[in-house]
Amino acid sequence: MAETVSTVKMKFENILEEIGSFGPFQIAIIILLCTPRIVLPCHFLLNNFIAAVPPHRCDISTLGAGGLFRNLTQEQRLTVSLPVREDGGPKSCEMFATPQFQLLANSSDSADLPTVQCQSGWVHDNSTFTSTLATEWDLVCDRKSLSRTTGTIFFFGMMIGTIAFGFLCDKYGRKNTLLASYIMTIVFGFASAFANSYILFAVLRFLTGFGLTGIGINSIVLSIEWVDTSHRSFIGVIGSLSWSAGNMLLAGFAFLVNDWRTLIMTVTAPLGFAIVTWWWVPESARWLLAHGKVERAQFYLDKCAKFNKRQKVSSKLKLESLSNMEKQEKNYTYLHLIKTPKMRRLTLLTGIVWYGVASTYYGISFNISGFGLNIYLTHFIYAAIEVPAKLMIYFFINTFGRRKCQAGTLLLTGICIAINLFLPQGLWHVRSVVAVVGKGLSEASFTTAFLYTTELYPTVVRQNGLGYTNFMSRLGVLVAPLILLLEDVWTALPQVILCSVAITSGLVALLLPETLNVRLPETIDDVEKPRGNEVSSHFVESPAVFLESKSTTDI
């Protein structure tokens with residue numbers, strides 16, 4: 001079986017060499033698919049802005065109907081109506097049971113006065129945001145968790161979408177599924193901007209997340225399946241950098257657009273352009289051959305040859321033979337990941353690492369307050385640090401090895417979180433620097449995981465392994481917003497949990513085998529009975545396979 005798979009890949013690579021494995025045709029595909037890739041982080045991290053909870057206090061306007069209260073200034077009304085925090089500002093969720101006029105003479109003696117929950121709603125500070133989910137539906141105080149829960153609901157939609165689109169793109173093709181994803185995301189994205197209730201909004205965000213998954217899977221797969229193995233690392237860098245570009249753009253969009261409804265429409269609108277460009281996106285010739293659609297594959301291969309100014313495929317018989325061999329690949333299932341002892345161990349360890357990588361990355365990304373900077377600048381810096389982090393890790397993984405980089409980035413991320421736990425709030429400059437370094441390291445751990453995982457799993461079950469680790473990463477992302485809600489129990493608790501997860505998953509990564517300059521496993525037997533640390537003749541294919549996985553995990 002391994003020999004068959006290897007032969008198939010070699011033959012398709014030969015066809016690509018004939019028609020041009022990286023030329024104007026492939027560059028055009030990259031450009032056409034950059035727009036939807038930029039939209040992804042705008043939606044993934046949108047909750048940083050639309051779910052923000054601005055400063056607020058109880059609404060006391062209904063108390064001024066008559067009596068002494070009517071003759072007081074606004075400042076005096078606040079004094080007699082609202083208890084204050086230690087910093088002197090009014091408490092967010094409490095008001096005095098009755099106006100305390102004696103505080104006009106001595107405002108410091110208010111500690112033991114009876115209070116009640118806000119009776120007539122809240123007044124929100126609109127200096128940063130015109131409106132958010134919290135101000136729209138009063139998701140504050142005892143309902144505060146509902147605001148961040150929308151993030152978990154969104155990522156749950158993505159988790160379900162991963163399962164559904166993994167099946168759909170294999171059955172109906174990458175291009176058709178990509179169009180369906182565009183349409184779903186636009187329809188449900190814009191619909192969520194007009195939601196008139198929290199429940200309806202949550203449902204529509206779930207469906208938006210479901211649709212976005214298809215964009216993430218198909219856009220990168222279509223890019224990768226049209227180039228040879230030696231250029232797939234470049235495709236991965238471009239796809240990964242487009243994520244960072246979209247992440248930085250989100251900070252700009254949010255700064256310019258302060259209304260949550262308008263912001264959702266702003267970050268969804270570029271998909272209208274993506275639908276227009278979809279007509280020029282080719283279907284994957286690999287998928288067409290695997291499903292016996294030889295004539296259609298011939299059409300796209302000829303178009304590729306024409307764009308690249310190369311000779312067309314010389315023999316249709318070659319394509320038919322390749323198509324028959326491609327069909328023989330699909331004999332392995334997810335059960336093969338746990339059927340044998342070392343595969344079970346590998347599956348368990350990679351699952352823990354991926355959970356830790358995703359949970360830590362998004363836990364840090366969602367926590368953009370408390371560093372003395374405004375949230376727009378913090379978000380932009382968090383996004384910008386990803387660019388050097390991605391580029392540096394590509395060098396380090398080939399110098400120090402995958403295992404050391406995976407474990408090291410996770411452990412150092414945990415250490416950065418731990419340092420900020422002990423630094424006082426007053427040292428916000430230092431805290432900001434440590435937080436940004438931690439964010440860069442968490443991104444580096446994500447990038448390392450893409451490559452490392454694909455080198456660990458044997459060829460015959462690689463896609464199944466990537467599907468499983470993708471599911472575990474989705475689980476980590478899903479839980480991240482819920483972890484941050486634990487700050488109401490103890491302010492430092494979310495950071496303690498994220499620190500523990502990062503360090504634990506880093507230590508687990510040390511239990512994995514090194515794959516640098518080691519022959520890649522082709523079959524399950526290669527994992528169960530390793531052939532030793534031989535330099536792989538297929539090693540150059542490793543970054544290629546790794547970046548194929550970004551289709552399902554970089555989102």
# chains A, B, ... in the order shown; residues from 1 in each chain; ligands from 1
$ residues_around --residues "Thr62 (chain A)" --least-positions-apart "4" --cutoff "12 Å" --atoms "only C-alpha atoms" --output "number ranges by chain"
A: 58, 66, 69-70, 77, 81, 118-122
$ residues_around --residues "Lys171 (chain A)" --least-positions-apart "5" --cutoff "10 Å" --atoms "only C-alpha atoms" --output "PyMOL selection string"
chain A and resi 165-166+177+287+291
$ closest_atom_pairs --of "region 82-157 of chain A" --to "region 258-280 of chain A" --cutoff "7 Å" --atoms "only C-alpha atoms" --output "CSV"
residue,atom,partner,partner_atom,distance
A:Phe129,CA,A:Asn258,CA,4.9
A:Thr130,CA,A:Asp259,CA,5.2
A:Ser131,CA,A:Asp259,CA,5.0
A:Thr132,CA,A:Trp260,CA,5.2
$ write_last_selection --atoms "C-alpha atoms" --output "PDB file, in the first residue's frame"
ATOM      1  CA  PHE A 129     -17.456  51.669  21.524  1.00  0.00           C
ATOM      2  CA  THR A 130     -20.677  53.081  20.136  1.00  0.00           C
ATOM      3  CA  SER A 131     -22.311  49.732  20.847  1.00  0.00           C
ATOM      4  CA  THR A 132     -21.344  46.143  21.652  1.00  0.00           C
TER       5      THR A 132
END
$ residues_around --residues "Gly476 (chain A)" --least-positions-apart "3" --cutoff "9 Å" --atoms "only C-alpha atoms" --output "PyMOL selection string"
chain A and resi 354-360+362+471-473+479-480
$ write_last_selection --atoms "all heavy atoms" --output "mmCIF file, in the first residue's frame"
data_model
loop_
_atom_site.group_PDB
_atom_site.id
_atom_site.type_symbol
_atom_site.label_atom_id
_atom_site.label_comp_id
_atom_site.auth_asym_id
_atom_site.auth_seq_id
_atom_site.Cartn_x
_atom_site.Cartn_y
_atom_site.Cartn_z
ATOM 1 N N TRP A 354 -1.788 19.423 20.794
ATOM 2 C CA TRP A 354 -2.619 20.312 19.973
ATOM 3 C C TRP A 354 -3.655 21.061 20.807
ATOM 4 O O TRP A 354 -3.939 22.231 20.551
ATOM 5 C CB TRP A 354 -3.312 19.522 18.860
ATOM 6 C CG TRP A 354 -2.526 19.570 17.589
ATOM 7 C CD1 TRP A 354 -1.765 18.579 17.054
ATOM 8 C CD2 TRP A 354 -2.413 20.678 16.709
ATOM 9 N NE1 TRP A 354 -1.177 18.999 15.892
ATOM 10 C CE2 TRP A 354 -1.563 20.286 15.648
ATOM 11 C CE3 TRP A 354 -2.939 21.960 16.699
ATOM 12 C CZ2 TRP A 354 -1.234 21.139 14.602
ATOM 13 C CZ3 TRP A 354 -2.604 22.819 15.666
ATOM 14 C CH2 TRP A 354 -1.768 22.407 14.623
ATOM 15 N N TYR A 355 -4.217 20.380 21.793
ATOM 16 C CA TYR A 355 -5.156 21.060 22.700
ATOM 17 C C TYR A 355 -4.449 22.206 23.405
ATOM 18 O O TYR A 355 -4.963 23.322 23.494
ATOM 19 C CB TYR A 355 -5.725 20.077 23.726
ATOM 20 C CG TYR A 355 -6.601 20.753 24.750
ATOM 21 C CD1 TYR A 355 -7.958 20.954 24.510
ATOM 22 C CD2 TYR A 355 -6.068 21.228 25.945
ATOM 23 C CE1 TYR A 355 -8.765 21.603 25.436
ATOM 24 C CE2 TYR A 355 -6.867 21.871 26.879
ATOM 25 C CZ TYR A 355 -8.211 22.054 26.621
ATOM 26 O OH TYR A 355 -8.999 22.706 27.542
ATOM 27 N N GLY A 356 -3.239 21.928 23.908
ATOM 28 C CA GLY A 356 -2.486 22.952 24.624
ATOM 29 C C GLY A 356 -2.089 24.110 23.735
ATOM 30 O O GLY A 356 -2.188 25.278 24.131
ATOM 31 N N VAL A 357 -1.644 23.815 22.513
ATOM 32 C CA VAL A 357 -1.226 24.851 21.570
ATOM 33 C C VAL A 357 -2.392 25.793 21.262
ATOM 34 O O VAL A 357 -2.260 27.023 21.328
ATOM 35 C CB VAL A 357 -0.694 24.213 20.269
ATOM 36 C CG1 VAL A 357 -0.593 25.245 19.158
ATOM 37 C CG2 VAL A 357 0.669 23.571 20.508
ATOM 38 N N ALA A 358 -3.547 25.223 20.914
ATOM 39 C CA ALA A 358 -4.703 26.036 20.517
ATOM 40 C C ALA A 358 -5.284 26.805 21.694
ATOM 41 O O ALA A 358 -5.606 27.996 21.581
ATOM 42 C CB ALA A 358 -5.773 25.148 19.883
ATOM 43 N N SER A 359 -5.432 26.136 22.830
ATOM 44 C CA SER A 359 -6.022 26.776 24.012
ATOM 45 C C SER A 359 -5.160 27.948 24.474
ATOM 46 O O SER A 359 -5.675 29.027 24.807
ATOM 47 C CB SER A 359 -6.177 25.751 25.138
ATOM 48 O OG SER A 359 -6.831 26.319 26.245
ATOM 49 N N THR A 360 -3.833 27.761 24.452
ATOM 50 C CA THR A 360 -2.920 28.823 24.890
ATOM 51 C C THR A 360 -2.935 29.996 23.913
ATOM 52 O O THR A 360 -3.021 31.164 24.322
ATOM 53 C CB THR A 360 -1.485 28.272 25.018
ATOM 54 O OG1 THR A 360 -1.488 27.152 25.902
ATOM 55 C CG2 THR A 360 -0.552 29.335 25.560
ATOM 56 N N TYR A 362 -5.231 31.010 21.703
ATOM 57 C CA TYR A 362 -6.461 31.796 21.716
ATOM 58 C C TYR A 362 -6.741 32.397 23.093
ATOM 59 O O TYR A 362 -7.356 33.468 23.185
ATOM 60 C CB TYR A 362 -7.635 30.940 21.236
ATOM 61 C CG TYR A 362 -7.655 30.825 19.730
ATOM 62 C CD1 TYR A 362 -7.096 29.731 19.093
ATOM 63 C CD2 TYR A 362 -8.197 31.832 18.939
ATOM 64 C CE1 TYR A 362 -7.079 29.623 17.710
ATOM 65 C CE2 TYR A 362 -8.200 31.742 17.563
ATOM 66 C CZ TYR A 362 -7.636 30.630 16.947
ATOM 67 O OH TYR A 362 -7.613 30.554 15.582
ATOM 68 N N PHE A 471 -9.434 18.381 15.338
ATOM 69 C CA PHE A 471 -10.566 18.324 16.272
ATOM 70 C C PHE A 471 -10.111 18.729 17.679
ATOM 71 O O PHE A 471 -10.792 19.489 18.374
ATOM 72 C CB PHE A 471 -11.157 16.918 16.288
ATOM 73 C CG PHE A 471 -12.303 16.758 17.248
ATOM 74 C CD1 PHE A 471 -13.595 17.081 16.870
ATOM 75 C CD2 PHE A 471 -12.087 16.282 18.538
ATOM 76 C CE1 PHE A 471 -14.657 16.945 17.748
ATOM 77 C CE2 PHE A 471 -13.136 16.145 19.428
ATOM 78 C CZ PHE A 471 -14.432 16.470 19.031
ATOM 79 N N MET A 472 -8.941 18.237 18.098
ATOM 80 C CA MET A 472 -8.439 18.569 19.432
ATOM 81 C C MET A 472 -8.102 20.059 19.545
ATOM 82 O O MET A 472 -8.316 20.671 20.592
ATOM 83 C CB MET A 472 -7.188 17.728 19.743
ATOM 84 C CG MET A 472 -7.478 16.248 19.905
ATOM 85 S SD MET A 472 -8.702 15.901 21.196
ATOM 86 C CE MET A 472 -7.841 16.458 22.666
ATOM 87 N N SER A 473 -7.593 20.629 18.452
ATOM 88 C CA SER A 473 -7.305 22.066 18.487
ATOM 89 C C SER A 473 -8.597 22.864 18.574
ATOM 90 O O SER A 473 -8.672 23.879 19.274
ATOM 91 C CB SER A 473 -6.501 22.484 17.252
ATOM 92 O OG SER A 473 -7.292 22.508 16.088
ATOM 93 N N VAL A 479 -12.776 26.002 24.356
ATOM 94 C CA VAL A 479 -12.715 26.146 25.810
ATOM 95 C C VAL A 479 -12.078 27.476 26.223
ATOM 96 O O VAL A 479 -12.374 28.004 27.301
ATOM 97 C CB VAL A 479 -11.930 24.956 26.421
ATOM 98 C CG1 VAL A 479 -11.662 25.163 27.898
ATOM 99 C CG2 VAL A 479 -12.715 23.650 26.209
ATOM 100 N N ALA A 480 -11.227 28.045 25.356
ATOM 101 C CA ALA A 480 -10.472 29.252 25.730
ATOM 102 C C ALA A 480 -11.349 30.397 26.253
ATOM 103 O O ALA A 480 -11.043 30.981 27.305
ATOM 104 C CB ALA A 480 -9.615 29.716 24.547
#
$ residues_around --residues "region 414-428 of chain A" --least-positions-apart "6" --cutoff "8 Å" --atoms "only C-alpha atoms" --output "PyMOL selection string"
chain A and resi 370-372+434-435+437-438+492+495-496+498-503
$ closest_residue --among "A:Ser92, A:Thr523, A:Ser505, A:Gln26" --to "Phe234 (chain A)" --atoms "only C-alpha atoms"
A:Gln26
$ residues_around --residues "Ile381 (chain A)" --least-positions-apart "5" --cutoff "9 Å" --atoms "only C-alpha atoms" --output "ChimeraX atom specification"
/A:248,376,386,436
$ write_last_selection --atoms "all heavy atoms" --output "tab-separated table (two decimals), in the first residue's frame"
chain	number	residue	atom	x	y	z
A	248	MET	N	-4.10	41.84	11.69
A	248	MET	CA	-3.73	43.25	11.88
A	248	MET	C	-4.82	44.18	11.33
A	248	MET	O	-5.12	45.22	11.93
A	248	MET	CB	-2.39	43.54	11.21
A	248	MET	CG	-1.20	42.93	11.94
A	248	MET	SD	0.40	43.41	11.25
A	248	MET	CE	0.54	42.23	9.90
A	376	TYR	N	-7.10	48.29	20.86
A	376	TYR	CA	-6.79	48.28	19.43
A	376	TYR	C	-5.29	48.11	19.21
A	376	TYR	O	-4.86	47.31	18.38
A	376	TYR	CB	-7.27	49.57	18.76
A	376	TYR	CG	-8.73	49.87	18.97
A	376	TYR	CD1	-9.14	50.94	19.76
A	376	TYR	CD2	-9.72	49.08	18.38
A	376	TYR	CE1	-10.48	51.21	19.96
A	376	TYR	CE2	-11.06	49.35	18.57
A	376	TYR	CZ	-11.44	50.41	19.36
A	376	TYR	OH	-12.77	50.68	19.55
A	386	GLU	N	3.31	38.05	15.24
A	386	GLU	CA	3.22	36.73	14.62
A	386	GLU	C	4.11	36.60	13.38
A	386	GLU	O	4.59	35.53	13.07
A	386	GLU	CB	1.77	36.43	14.23
A	386	GLU	CG	0.83	36.24	15.41
A	386	GLU	CD	-0.56	35.84	14.98
A	386	GLU	OE1	-0.77	35.65	13.76
A	386	GLU	OE2	-1.43	35.68	15.85
A	436	VAL	N	3.59	40.29	24.90
A	436	VAL	CA	3.83	40.23	23.44
A	436	VAL	C	4.80	39.10	23.11
A	436	VAL	O	4.60	38.36	22.14
A	436	VAL	CB	4.36	41.59	22.93
A	436	VAL	CG1	4.85	41.47	21.49
A	436	VAL	CG2	3.28	42.65	23.02
